[in-house]
$ cat work24.txt   # compact mmCIF, C-alpha atoms
# COMPACT_ATOMS: atom_id res chain seq x y z
CA MET A 250 -60.67 -9.07 -42.18
CA SER A 251 -58.17 -6.30 -41.58
CA THR A 252 -58.45 -6.74 -37.80
CA VAL A 253 -57.87 -10.48 -38.03
CA ALA A 254 -54.84 -9.97 -40.29
CA ASP A 255 -53.33 -7.40 -37.97
CA GLY A 256 -53.78 -9.71 -35.00
CA SER A 257 -52.19 -12.54 -36.92
CA ARG A 258 -49.17 -10.39 -37.77
CA ARG A 259 -48.81 -9.30 -34.14
CA GLY A 260 -48.94 -12.91 -33.02
CA LYS A 261 -46.25 -13.83 -35.51
CA ARG A 262 -44.06 -10.99 -34.20
CA ARG A 263 -44.54 -12.23 -30.66
CA ARG A 264 -43.65 -15.79 -31.60
CA ARG A 265 -40.67 -14.64 -33.64
CA GLY A 266 -39.26 -12.73 -30.67
CA GLY A 267 -39.67 -15.74 -28.46
CA GLY A 268 -41.16 -13.73 -25.57
CA ASP A 269 -44.39 -12.33 -24.34
CA GLY A 270 -44.50 -9.43 -26.79
CA GLY A 271 -43.78 -6.87 -24.04
CA ARG A 272 -40.04 -6.63 -24.77
CA GLU A 273 -37.54 -7.62 -27.41
CA MET A 274 -35.68 -10.89 -26.95
CA PRO A 275 -32.35 -11.94 -28.47
CA MET A 276 -32.69 -13.71 -31.80
CA VAL A 277 -29.47 -15.75 -31.49
CA PRO A 278 -28.03 -17.65 -28.53
CA ASP A 279 -25.04 -16.29 -26.56
CA VAL A 280 -21.88 -17.28 -28.41
CA GLN A 281 -19.09 -18.89 -26.38
CA PHE A 282 -16.23 -17.07 -28.10
CA THR A 283 -12.66 -18.15 -27.61
CA SER A 284 -10.47 -16.85 -30.44
CA TYR A 285 -9.86 -17.55 -34.09
CA TYR A 286 -8.49 -21.09 -34.37
CA GLY A 287 -7.43 -20.96 -30.70
CA ARG A 288 -4.73 -18.39 -31.44
CA PRO A 289 -3.52 -16.05 -28.65
CA VAL A 290 -5.62 -12.94 -28.07
CA VAL A 291 -2.69 -10.90 -26.72
CA LYS A 292 0.78 -10.91 -28.20
CA PRO A 293 3.21 -12.78 -25.92
CA ALA A 294 6.04 -10.63 -24.59
CA PRO A 295 9.08 -11.04 -26.87
CA TRP A 296 11.35 -11.63 -23.88
CA THR A 297 13.82 -14.45 -23.42
CA HIS A 298 15.20 -15.90 -20.22
CA GLU A 299 17.78 -13.10 -20.26
CA ILE A 300 14.97 -10.92 -18.92
CA ALA A 301 14.22 -13.50 -16.24
CA ALA A 302 17.89 -13.24 -15.18
CA TYR A 303 17.55 -9.45 -15.28
CA LEU A 304 14.60 -9.66 -12.88
CA PHE A 305 16.54 -11.77 -10.38
CA LEU A 306 19.82 -9.85 -10.58
CA GLY A 307 18.09 -6.50 -10.20
CA GLY A 308 16.45 -7.66 -6.99
CA LEU A 309 19.75 -9.03 -5.69
CA ALA A 310 21.51 -5.75 -6.47
CA GLY A 311 18.81 -3.66 -4.80
CA GLY A 312 18.77 -5.72 -1.62
CA SER A 313 22.56 -5.74 -1.45
CA GLY A 314 22.63 -1.96 -1.82
CA ILE A 315 20.37 -1.57 1.20
CA LEU A 316 22.46 -4.01 3.24
CA ALA A 317 25.65 -2.19 2.26
CA ALA A 318 24.25 1.15 3.40
CA GLY A 319 23.14 -0.34 6.72
CA ALA A 320 26.57 -1.88 7.25
CA GLN A 321 28.18 1.45 6.38
CA LEU A 322 26.12 3.28 8.99
CA THR A 323 26.73 0.66 11.71
CA GLY A 324 30.46 0.12 11.13
CA ARG A 325 30.35 -3.47 9.84
CA LYS A 326 33.24 -3.26 7.42
CA VAL A 327 33.22 -6.82 6.09
CA LEU A 328 29.48 -6.86 5.51
CA ARG A 329 29.76 -3.44 3.87
CA ARG A 330 32.52 -4.60 1.54
CA ASN A 331 30.81 -7.84 0.55
CA SER A 332 27.44 -6.19 -0.01
CA ARG A 333 28.94 -3.37 -2.07
CA LEU A 334 30.79 -5.82 -4.29
CA ALA A 335 27.67 -7.99 -4.62
CA ALA A 336 25.61 -4.94 -5.59
CA LEU A 337 28.10 -3.90 -8.29
CA VAL A 338 28.47 -7.38 -9.80
CA ALA A 339 24.71 -7.98 -9.76
CA ILE A 340 23.82 -4.64 -11.34
CA ALA A 341 26.51 -5.08 -14.02
CA LEU A 342 25.22 -8.53 -14.92
CA SER A 343 21.64 -7.28 -14.81
CA ALA A 344 22.44 -4.45 -17.22
CA ALA A 345 24.31 -6.87 -19.48
CA ALA A 346 21.28 -9.19 -19.60
CA LEU A 347 18.98 -6.29 -20.44
CA ILE A 348 21.27 -4.96 -23.17
CA SER A 349 21.66 -8.45 -24.60
CA ASP A 350 17.89 -8.79 -24.84
CA LEU A 351 17.60 -5.36 -26.46
CA GLY A 352 20.05 -6.49 -29.13
CA ARG A 353 22.13 -3.31 -29.37
CA PRO A 354 23.68 -1.27 -26.51
CA GLU A 355 22.58 2.04 -28.02
CA ARG A 356 18.94 1.06 -27.42
CA PHE A 357 19.54 1.27 -23.69
CA VAL A 358 21.22 4.67 -24.11
CA ASN A 359 18.24 5.86 -26.15
CA MET A 360 15.93 5.07 -23.22
CA LEU A 361 17.85 7.66 -21.18
CA ARG A 362 17.17 10.49 -23.61
CA THR A 363 13.90 11.35 -21.85
CA ILE A 364 12.13 10.67 -18.55
CA LYS A 365 8.58 9.43 -19.01
CA LEU A 366 6.87 9.21 -15.63
CA THR A 367 4.08 6.98 -16.97
CA SER A 368 6.52 4.39 -18.37
CA PRO A 369 7.96 1.79 -15.95
CA MET A 370 10.65 0.97 -18.52
CA SER A 371 11.77 4.60 -18.81
CA LEU A 372 11.85 5.10 -15.04
CA GLY A 373 13.52 1.72 -14.58
CA SER A 374 16.35 2.67 -16.91
CA TRP A 375 17.07 5.77 -14.85
CA ILE A 376 16.79 3.84 -11.58
CA LEU A 377 19.24 1.23 -12.85
CA SER A 378 21.67 3.93 -14.01
CA GLY A 379 21.45 5.93 -10.79
CA PHE A 380 21.99 2.86 -8.66
CA GLY A 381 24.88 1.68 -10.84
CA ALA A 382 26.71 5.00 -10.51
CA GLY A 383 26.63 5.01 -6.72
CA ALA A 384 27.33 1.30 -6.38
CA GLY A 385 30.26 1.59 -8.78
CA VAL A 386 31.99 4.34 -6.81
CA ALA A 387 31.45 2.57 -3.47
CA ALA A 388 32.69 -0.77 -4.81
CA ALA A 389 35.72 0.86 -6.46
CA ALA A 390 36.80 2.15 -3.04
CA GLU A 391 36.48 -1.35 -1.59
CA VAL A 392 38.52 -2.88 -4.42
CA ASP A 393 41.23 -0.26 -3.91
CA ARG A 394 41.48 -1.16 -0.23
CA MET A 395 41.50 -4.89 -1.00
CA THR A 396 44.48 -4.45 -3.35
CA GLY A 397 46.44 -2.41 -0.83
CA GLU A 398 45.79 0.84 -2.73
CA ARG A 399 47.63 -0.46 -5.78
CA LEU A 400 45.07 0.77 -8.29
CA PRO A 401 46.59 3.52 -10.52
CA LEU A 402 44.31 6.25 -9.20
CA GLY A 403 46.87 8.90 -8.29
CA PRO A 404 45.23 12.06 -6.94
CA LEU A 405 41.79 10.56 -7.56
CA ARG A 406 42.26 8.27 -4.55
CA SER A 407 41.54 11.04 -2.09
CA VAL A 408 38.47 12.02 -4.08
CA LEU A 409 37.31 8.41 -4.03
CA ARG A 410 37.70 8.21 -0.27
CA VAL A 411 35.55 11.30 0.20
CA ALA A 412 32.92 10.17 -2.34
CA GLU A 413 32.46 6.54 -1.31
CA GLY A 414 30.24 7.26 1.71
CA PRO A 415 27.77 9.54 -0.11
CA ALA A 416 27.87 7.21 -3.13
CA GLY A 417 26.92 4.22 -0.98
CA LEU A 418 23.96 6.12 0.47
CA GLU A 419 22.97 7.38 -2.99
CA ALA A 420 22.85 3.79 -4.22
CA ALA A 421 20.63 2.90 -1.26
CA VAL A 422 18.12 5.58 -2.32
CA PHE A 423 17.70 3.81 -5.66
CA ALA A 424 17.94 0.30 -4.17
CA ALA A 425 14.31 -0.20 -3.12
CA PRO A 426 12.87 1.11 -6.42
CA LEU A 427 15.35 -1.11 -8.26
CA ALA A 428 14.12 -4.17 -6.38
CA VAL A 429 10.45 -3.49 -7.10
CA TYR A 430 10.10 -1.63 -10.39
CA THR A 431 10.31 -4.79 -12.50
CA ALA A 432 7.12 -5.99 -10.80
CA VAL A 433 5.41 -2.77 -11.91
CA LEU A 434 6.83 -3.30 -15.40
CA LEU A 435 5.33 -6.80 -15.65
CA GLY A 436 1.99 -5.77 -14.17
CA ASP A 437 1.71 -2.91 -16.68
CA THR A 438 1.59 -5.34 -19.62
CA ALA A 439 -1.48 -7.02 -21.14
CA THR A 440 -0.08 -10.47 -20.27
CA PRO A 441 -2.97 -12.05 -18.30
CA THR A 442 -1.15 -13.54 -15.30
CA TRP A 443 1.24 -10.62 -14.85
CA HIS A 444 -1.53 -8.05 -15.13
CA GLY A 445 -3.78 -10.06 -12.85
CA ALA A 446 -1.06 -10.01 -10.17
CA HIS A 447 -0.23 -6.30 -10.48
CA ARG A 448 -1.55 -5.37 -7.01
CA ASP A 449 0.55 -7.86 -5.06
CA LEU A 450 3.52 -8.61 -7.32
CA PRO A 451 5.60 -5.66 -5.96
CA PHE A 452 5.39 -7.15 -2.46
CA VAL A 453 6.46 -10.54 -3.80
CA PHE A 454 9.46 -9.01 -5.58
CA VAL A 455 10.56 -6.94 -2.58
CA SER A 456 10.47 -10.06 -0.42
CA SER A 457 12.33 -11.99 -3.11
CA ALA A 458 15.06 -9.30 -3.16
CA SER A 459 15.41 -9.62 0.63
CA LEU A 460 15.85 -13.39 0.30
CA ALA A 461 18.53 -13.02 -2.36
CA SER A 462 20.61 -10.29 -0.74
CA GLY A 463 20.32 -11.69 2.77
CA GLY A 464 21.18 -15.18 1.56
CA LEU A 465 24.24 -14.02 -0.39
CA ALA A 466 25.53 -12.00 2.55
CA MET A 467 25.10 -15.02 4.86
CA LEU A 468 27.05 -17.07 2.35
CA THR A 469 29.98 -14.62 2.04
CA THR A 470 30.18 -12.89 5.42
CA PRO A 471 31.34 -14.20 8.82
CA VAL A 472 28.45 -14.83 11.20
CA THR A 473 29.77 -12.21 13.63
CA GLU A 474 28.90 -9.46 11.15
CA ALA A 475 26.01 -11.08 9.29
CA GLY A 476 23.31 -10.35 11.87
CA PRO A 477 21.53 -7.74 9.72
CA ALA A 478 21.62 -10.12 6.75
CA ARG A 479 19.99 -12.88 8.84
CA ARG A 480 17.24 -10.55 10.01
CA LEU A 481 16.61 -9.32 6.48
CA ALA A 482 16.47 -12.90 5.23
CA VAL A 483 13.93 -13.98 7.86
CA LEU A 484 11.73 -10.97 7.12
CA GLY A 485 12.03 -11.83 3.44
CA VAL A 486 10.88 -15.41 4.03
CA ILE A 487 7.81 -14.26 5.95
CA GLY A 488 6.99 -11.63 3.35
CA ASP A 489 7.60 -13.99 0.43
CA VAL A 490 5.30 -16.74 1.68
CA ILE A 491 2.50 -14.37 2.73
CA ALA A 492 2.69 -12.13 -0.34
CA THR A 493 2.76 -15.03 -2.79
CA ARG A 494 -0.22 -16.75 -1.16
CA ALA A 495 -2.13 -13.46 -1.00
CA MET A 496 -1.35 -12.74 -4.64
CA GLU A 497 -2.71 -16.09 -5.81
CA HIS A 498 -5.79 -15.73 -3.58
CA ARG A 499 -6.68 -12.23 -4.82
CA MET A 500 -6.18 -13.02 -8.51
CA ASP A 501 -8.86 -14.33 -10.81
CA PRO A 502 -8.77 -18.14 -10.43
CA ILE A 503 -8.19 -18.60 -14.16
CA THR A 504 -5.29 -16.14 -14.45
CA ALA A 505 -3.73 -17.67 -11.33
CA GLU A 506 -3.69 -21.16 -12.89
CA PRO A 507 -0.29 -20.76 -14.64
CA LEU A 508 1.26 -19.96 -11.24
CA ARG A 509 0.21 -23.41 -10.00
CA GLN A 510 0.65 -25.58 -13.07
CA GLY A 511 3.47 -26.77 -15.32
CA ARG A 512 7.05 -25.60 -14.98
CA ALA A 513 6.06 -22.30 -13.38
CA GLY A 514 4.02 -24.06 -10.70
CA LEU A 515 6.90 -26.44 -9.96
CA MET A 516 9.34 -23.53 -9.68
CA LEU A 517 7.12 -21.64 -7.28
CA ARG A 518 6.47 -24.69 -5.09
CA CYS A 519 10.21 -25.38 -4.91
CA SER A 520 10.79 -21.70 -4.16
CA GLU A 521 8.42 -21.80 -1.20
CA GLY A 522 10.04 -24.97 0.13
CA LEU A 523 13.57 -23.55 -0.18
CA ALA A 524 12.50 -20.26 1.42
CA ILE A 525 10.97 -22.02 4.42
CA ALA A 526 13.97 -24.35 4.77
CA GLY A 527 16.39 -21.42 4.52
CA GLY A 528 14.39 -19.37 7.01
CA VAL A 529 14.27 -22.21 9.56
CA GLY A 530 18.00 -22.79 9.11
CA THR A 531 18.68 -19.10 9.61
CA LEU A 532 16.61 -18.91 12.78
CA LEU A 533 17.89 -22.10 14.38
CA GLY A 534 21.48 -22.31 13.14
CA GLY A 535 22.34 -18.99 11.55
CA ARG A 536 25.27 -18.44 13.92
CA ASN A 537 26.93 -21.63 12.70
CA ARG A 538 29.07 -20.91 9.64
CA GLY A 539 28.14 -24.08 7.78
CA VAL A 540 24.40 -23.83 8.48
CA ALA A 541 24.44 -20.15 7.56
CA ALA A 542 26.09 -20.90 4.21
CA LEU A 543 23.61 -23.67 3.36
CA SER A 544 20.69 -21.49 4.42
CA GLY A 545 22.03 -18.65 2.29
CA LEU A 546 22.22 -20.93 -0.74
CA ALA A 547 18.64 -22.07 -0.16
CA LEU A 548 17.43 -18.48 0.06
CA LEU A 549 19.29 -17.49 -3.12
CA GLY A 550 17.70 -20.42 -4.92
CA ALA A 551 14.26 -19.51 -3.59
CA SER A 552 14.57 -15.94 -4.85
CA ALA A 553 15.73 -17.02 -8.29
CA LEU A 554 12.91 -19.57 -8.62
CA THR A 555 10.30 -17.00 -7.58
CA ARG A 556 11.30 -14.61 -10.34
CA LEU A 557 11.70 -17.36 -12.91
CA GLY A 558 8.36 -18.91 -11.95
CA VAL A 559 6.47 -15.64 -12.26
CA PHE A 560 8.19 -14.94 -15.58
CA GLU A 561 7.37 -18.39 -16.97
CA ALA A 562 3.74 -18.21 -15.78
CA GLY A 563 3.20 -14.94 -17.61
CA ILE A 564 4.67 -16.23 -20.86
CA GLU A 565 2.44 -19.32 -20.72
CA SER A 566 -0.71 -17.32 -19.91
CA ALA A 567 -0.29 -15.23 -23.06
CA LYS A 568 -0.30 -18.34 -25.27
CA ASP A 569 -3.77 -19.58 -24.30
CA PRO A 570 -6.76 -17.33 -25.18
CA ARG A 571 -8.70 -18.83 -22.26
CA TYR A 572 -6.63 -16.83 -19.77
CA THR A 573 -7.62 -13.59 -21.50
CA ILE A 574 -11.27 -14.19 -22.39
CA GLU A 575 -12.76 -16.02 -19.39
CA PRO A 576 -11.67 -13.43 -16.79
CA GLN A 577 -13.00 -10.67 -19.06
CA LYS A 578 -16.40 -12.37 -19.29
CA ARG A 579 -16.55 -12.81 -15.51
CA ARG A 580 -15.68 -9.15 -14.94
CA LEU A 581 -18.39 -8.13 -17.41
CA ALA A 582 -20.97 -10.35 -15.70
CA ALA A 583 -20.00 -8.96 -12.28
CA ARG A 584 -20.46 -5.37 -13.48
CA ARG A 585 -23.85 -6.15 -14.95
CA ALA A 586 -24.88 -7.97 -11.77
CA ALA A 587 -23.89 -4.88 -9.79
CA GLY A 588 -26.17 -2.78 -11.98
CA ILE A 589 -23.41 -1.10 -13.99
CA THR A 590 -24.89 -1.08 -17.48
CA GLY A 591 -24.21 2.34 -18.93
CA ASP A 592 -20.45 2.35 -19.47
CA SER A 593 -18.42 1.41 -22.54
CA ILE A 594 -17.50 -1.98 -21.08
CA THR A 595 -21.00 -3.31 -20.47
CA THR A 596 -22.66 -1.76 -23.52
CA ALA A 597 -19.98 -3.18 -25.82
CA GLY A 598 -21.42 -6.64 -25.20

$ encode --input "work24.txt" --output "structure tokens"
Amino acid sequence: MSTVADGSRRGKRRRRGGGDGGREMPMVPDVQFTSYYGRPVVKPAPWTHEIAAYLFLGGLAGGSGILAAGAQLTGRKVLRRNSRLAALVAIALSAAALISDLGRPERFVNMLRTIKLTSPMSLGSWILSGFGAGAGVAAAAEVDRMTGERLPLGPLRSVLRVAEGPAGLEAAVFAAPLAVYTAVLLGDTATPTWHGAHRDLPFVFVSSASLASGGLAMLTTPVTEAGPARRLAVLGVIGDVIATRAMEHRMDPITAEPLRQGRAGLMLRCSEGLAIAGGVGTLLGGRNRGVAALSGLALLGASALTRLGVFEAGIESAKDPRYTIEPQKRRLAARRAAGITGDSITTAG
């Protein structure tokens, strides 16, 4: 009787496990978790469209700083003047947009109290400040010349003349980091689409900065001196189209969806169309003043729409838990399929 009872109990255990008795089987089915009541899993970035303007203006300032330094070294005085003034105006407006979003000016000053190498925001604040100092000195010298040396500088005028060259080159040192660091800042967040694009977004933003600065210089500078701006713009178009397509291709298909849908998708499609139109106009008719101006406007618009589109896509991706959870589940499944089962990621499931 005891043997029969033991066998019966073992049979029940086998049936309860749902398997062949050689291993334990899950007692409950896999739960398709989304989030509580469909609420966001990550907190959306508390940024307004002032930050979107900050992204665009920072890229414009950085590209203009590089153009100004190139014009300075090659003796293109009009291009140098226009690019220096563009760099100063853009960085001033960019800083104003950032401070407005922060709410109080002293918050920006507080970010300069330390240098934290692991913080894109901390490094970005110092990059912006370093660029602004050099661009301000170089642009002040241009304004003084434009007014016939009527600024009340007194003995400081001679100091300004000596300092403007080194200041212009100092601004150029910070120009490239200024154009790209905001991409690193976005990619460092938990926002699904921004984080998913972190490998390629810097290339997109550098190309976008080239579009903006080259386009503005083509718009404001005579064609006889705007050759470097045209070349920078064409390189920017090529880089922008390739980098954006590569970014979307390398991202998880789910996290890339906001870049193709809704307002963000429309902005990015329009951006690509304007960039291609501006690039063709620059190549075929860039030496005609009217065509150059129209092409420059198209390139400026393309750059602005790229930054706005990426910004909008990130904000939208944080609102829907699907963009957080589904890529995580696919990454977990891929690690398990590759035989990675002993780390904290796979065992947490």

$ residues_around --input "work24.txt" --residues "Glu575 in chain A" --least-positions-apart "3" --cutoff "9 Å" --atoms "all atoms listed in the file" --output "PyMOL selection string"
chain A and resi 283+503-504+570-572+578-580

$ write_last_selection --input "work24.txt" --atoms "C-alpha atoms" --output "short mmCIF file (atom, residue, chain, number, x, y, z; two decimals), in the frame of the given file"
data_model
loop_
_atom_site.label_atom_id
_atom_site.label_comp_id
_atom_site.auth_asym_id
_atom_site.auth_seq_id
_atom_site.Cartn_x
_atom_site.Cartn_y
_atom_site.Cartn_z
CA THR A 283 -12.66 -18.15 -27.61
CA ILE A 503 -8.19 -18.60 -14.16
CA THR A 504 -5.29 -16.14 -14.45
CA PRO A 570 -6.76 -17.33 -25.18
CA ARG A 571 -8.70 -18.83 -22.26
CA TYR A 572 -6.63 -16.83 -19.77
CA LYS A 578 -16.40 -12.37 -19.29
CA ARG A 579 -16.55 -12.81 -15.51
CA ARG A 580 -15.68 -9.15 -14.94
#

$ atom_distance --input "work24.txt" --atom1 "CA of Met370 in chain A" --atom2 "CA of Leu434 in chain A"
6.5 Å

$ closest_residue --input "work24.txt" --among "A:Ala587, A:Val358, A:Ala551, A:Ala428" --to "Tyr303 in chain A" --atoms "only C-alpha atoms"
A:Ala428

$ residues_around --input "work24.txt" --residues "Ser374 in chain A" --least-positions-apart "4" --cutoff "7 Å" --atoms "all atoms listed in the file" --output "ChimeraX atom specification"
/A:360-361,370,378

$ residues_around --input "work24.txt" --residues "Ala389 in chain A" --least-positions-apart "4" --cutoff "9 Å" --atoms "only C-alpha atoms" --output "list in words"
Leu334, Ala384, Gly385, Asp393, Arg394, Leu409 and Glu413 of chain A

$ build_atoms --input "work24.txt" --residues "range 487-500 of chain A" --atoms "N, CA and C atoms" --output "mmCIF file, in the frame of the given file"
data_model
loop_
_atom_site.group_PDB
_atom_site.id
_atom_site.type_symbol
_atom_site.label_atom_id
_atom_site.label_comp_id
_atom_site.auth_asym_id
_atom_site.auth_seq_id
_atom_site.Cartn_x
_atom_site.Cartn_y
_atom_site.Cartn_z
ATOM 1 N N ILE A 487 9.186 -14.505 5.514
ATOM 2 C CA ILE A 487 7.810 -14.260 5.950
ATOM 3 C C ILE A 487 7.032 -13.500 4.880
ATOM 4 N N GLY A 488 7.655 -12.428 4.375
ATOM 5 C CA GLY A 488 6.990 -11.630 3.350
ATOM 6 C C GLY A 488 6.751 -12.409 2.077
ATOM 7 N N ASP A 489 7.713 -13.243 1.678
ATOM 8 C CA ASP A 489 7.600 -13.990 0.430
ATOM 9 C C ASP A 489 6.432 -14.983 0.491
ATOM 10 N N VAL A 490 6.361 -15.728 1.570
ATOM 11 C CA VAL A 490 5.300 -16.740 1.680
ATOM 12 C C VAL A 490 3.931 -16.075 1.751
ATOM 13 N N ILE A 491 3.802 -15.035 2.579
ATOM 14 C CA ILE A 491 2.500 -14.370 2.730
ATOM 15 C C ILE A 491 2.096 -13.659 1.454
ATOM 16 N N ALA A 492 3.029 -12.912 0.855
ATOM 17 C CA ALA A 492 2.690 -12.130 -0.340
ATOM 18 C C ALA A 492 2.342 -13.032 -1.517
ATOM 19 N N THR A 493 3.051 -14.136 -1.677
ATOM 20 C CA THR A 493 2.760 -15.030 -2.790
ATOM 21 C C THR A 493 1.403 -15.685 -2.629
ATOM 22 N N ARG A 494 1.099 -16.147 -1.398
ATOM 23 C CA ARG A 494 -0.220 -16.750 -1.160
ATOM 24 C C ARG A 494 -1.335 -15.719 -1.349
ATOM 25 N N ALA A 495 -1.113 -14.508 -0.847
ATOM 26 C CA ALA A 495 -2.130 -13.460 -1.000
ATOM 27 C C ALA A 495 -2.334 -13.106 -2.465
ATOM 28 N N MET A 496 -1.256 -13.058 -3.218
ATOM 29 C CA MET A 496 -1.350 -12.740 -4.640
ATOM 30 C C MET A 496 -2.209 -13.769 -5.364
ATOM 31 N N GLU A 497 -1.945 -15.042 -5.141
ATOM 32 C CA GLU A 497 -2.710 -16.090 -5.810
ATOM 33 C C GLU A 497 -4.174 -16.073 -5.369
ATOM 34 N N HIS A 498 -4.419 -15.743 -4.099
ATOM 35 C CA HIS A 498 -5.790 -15.730 -3.580
ATOM 36 C C HIS A 498 -6.593 -14.574 -4.168
ATOM 37 N N ARG A 499 -5.968 -13.420 -4.351
ATOM 38 C CA ARG A 499 -6.680 -12.230 -4.820
ATOM 39 C C ARG A 499 -6.839 -12.195 -6.334
ATOM 40 N N MET A 500 -6.072 -13.000 -7.053
ATOM 41 C CA MET A 500 -6.180 -13.020 -8.510
ATOM 42 C C MET A 500 -7.422 -13.761 -8.961
#
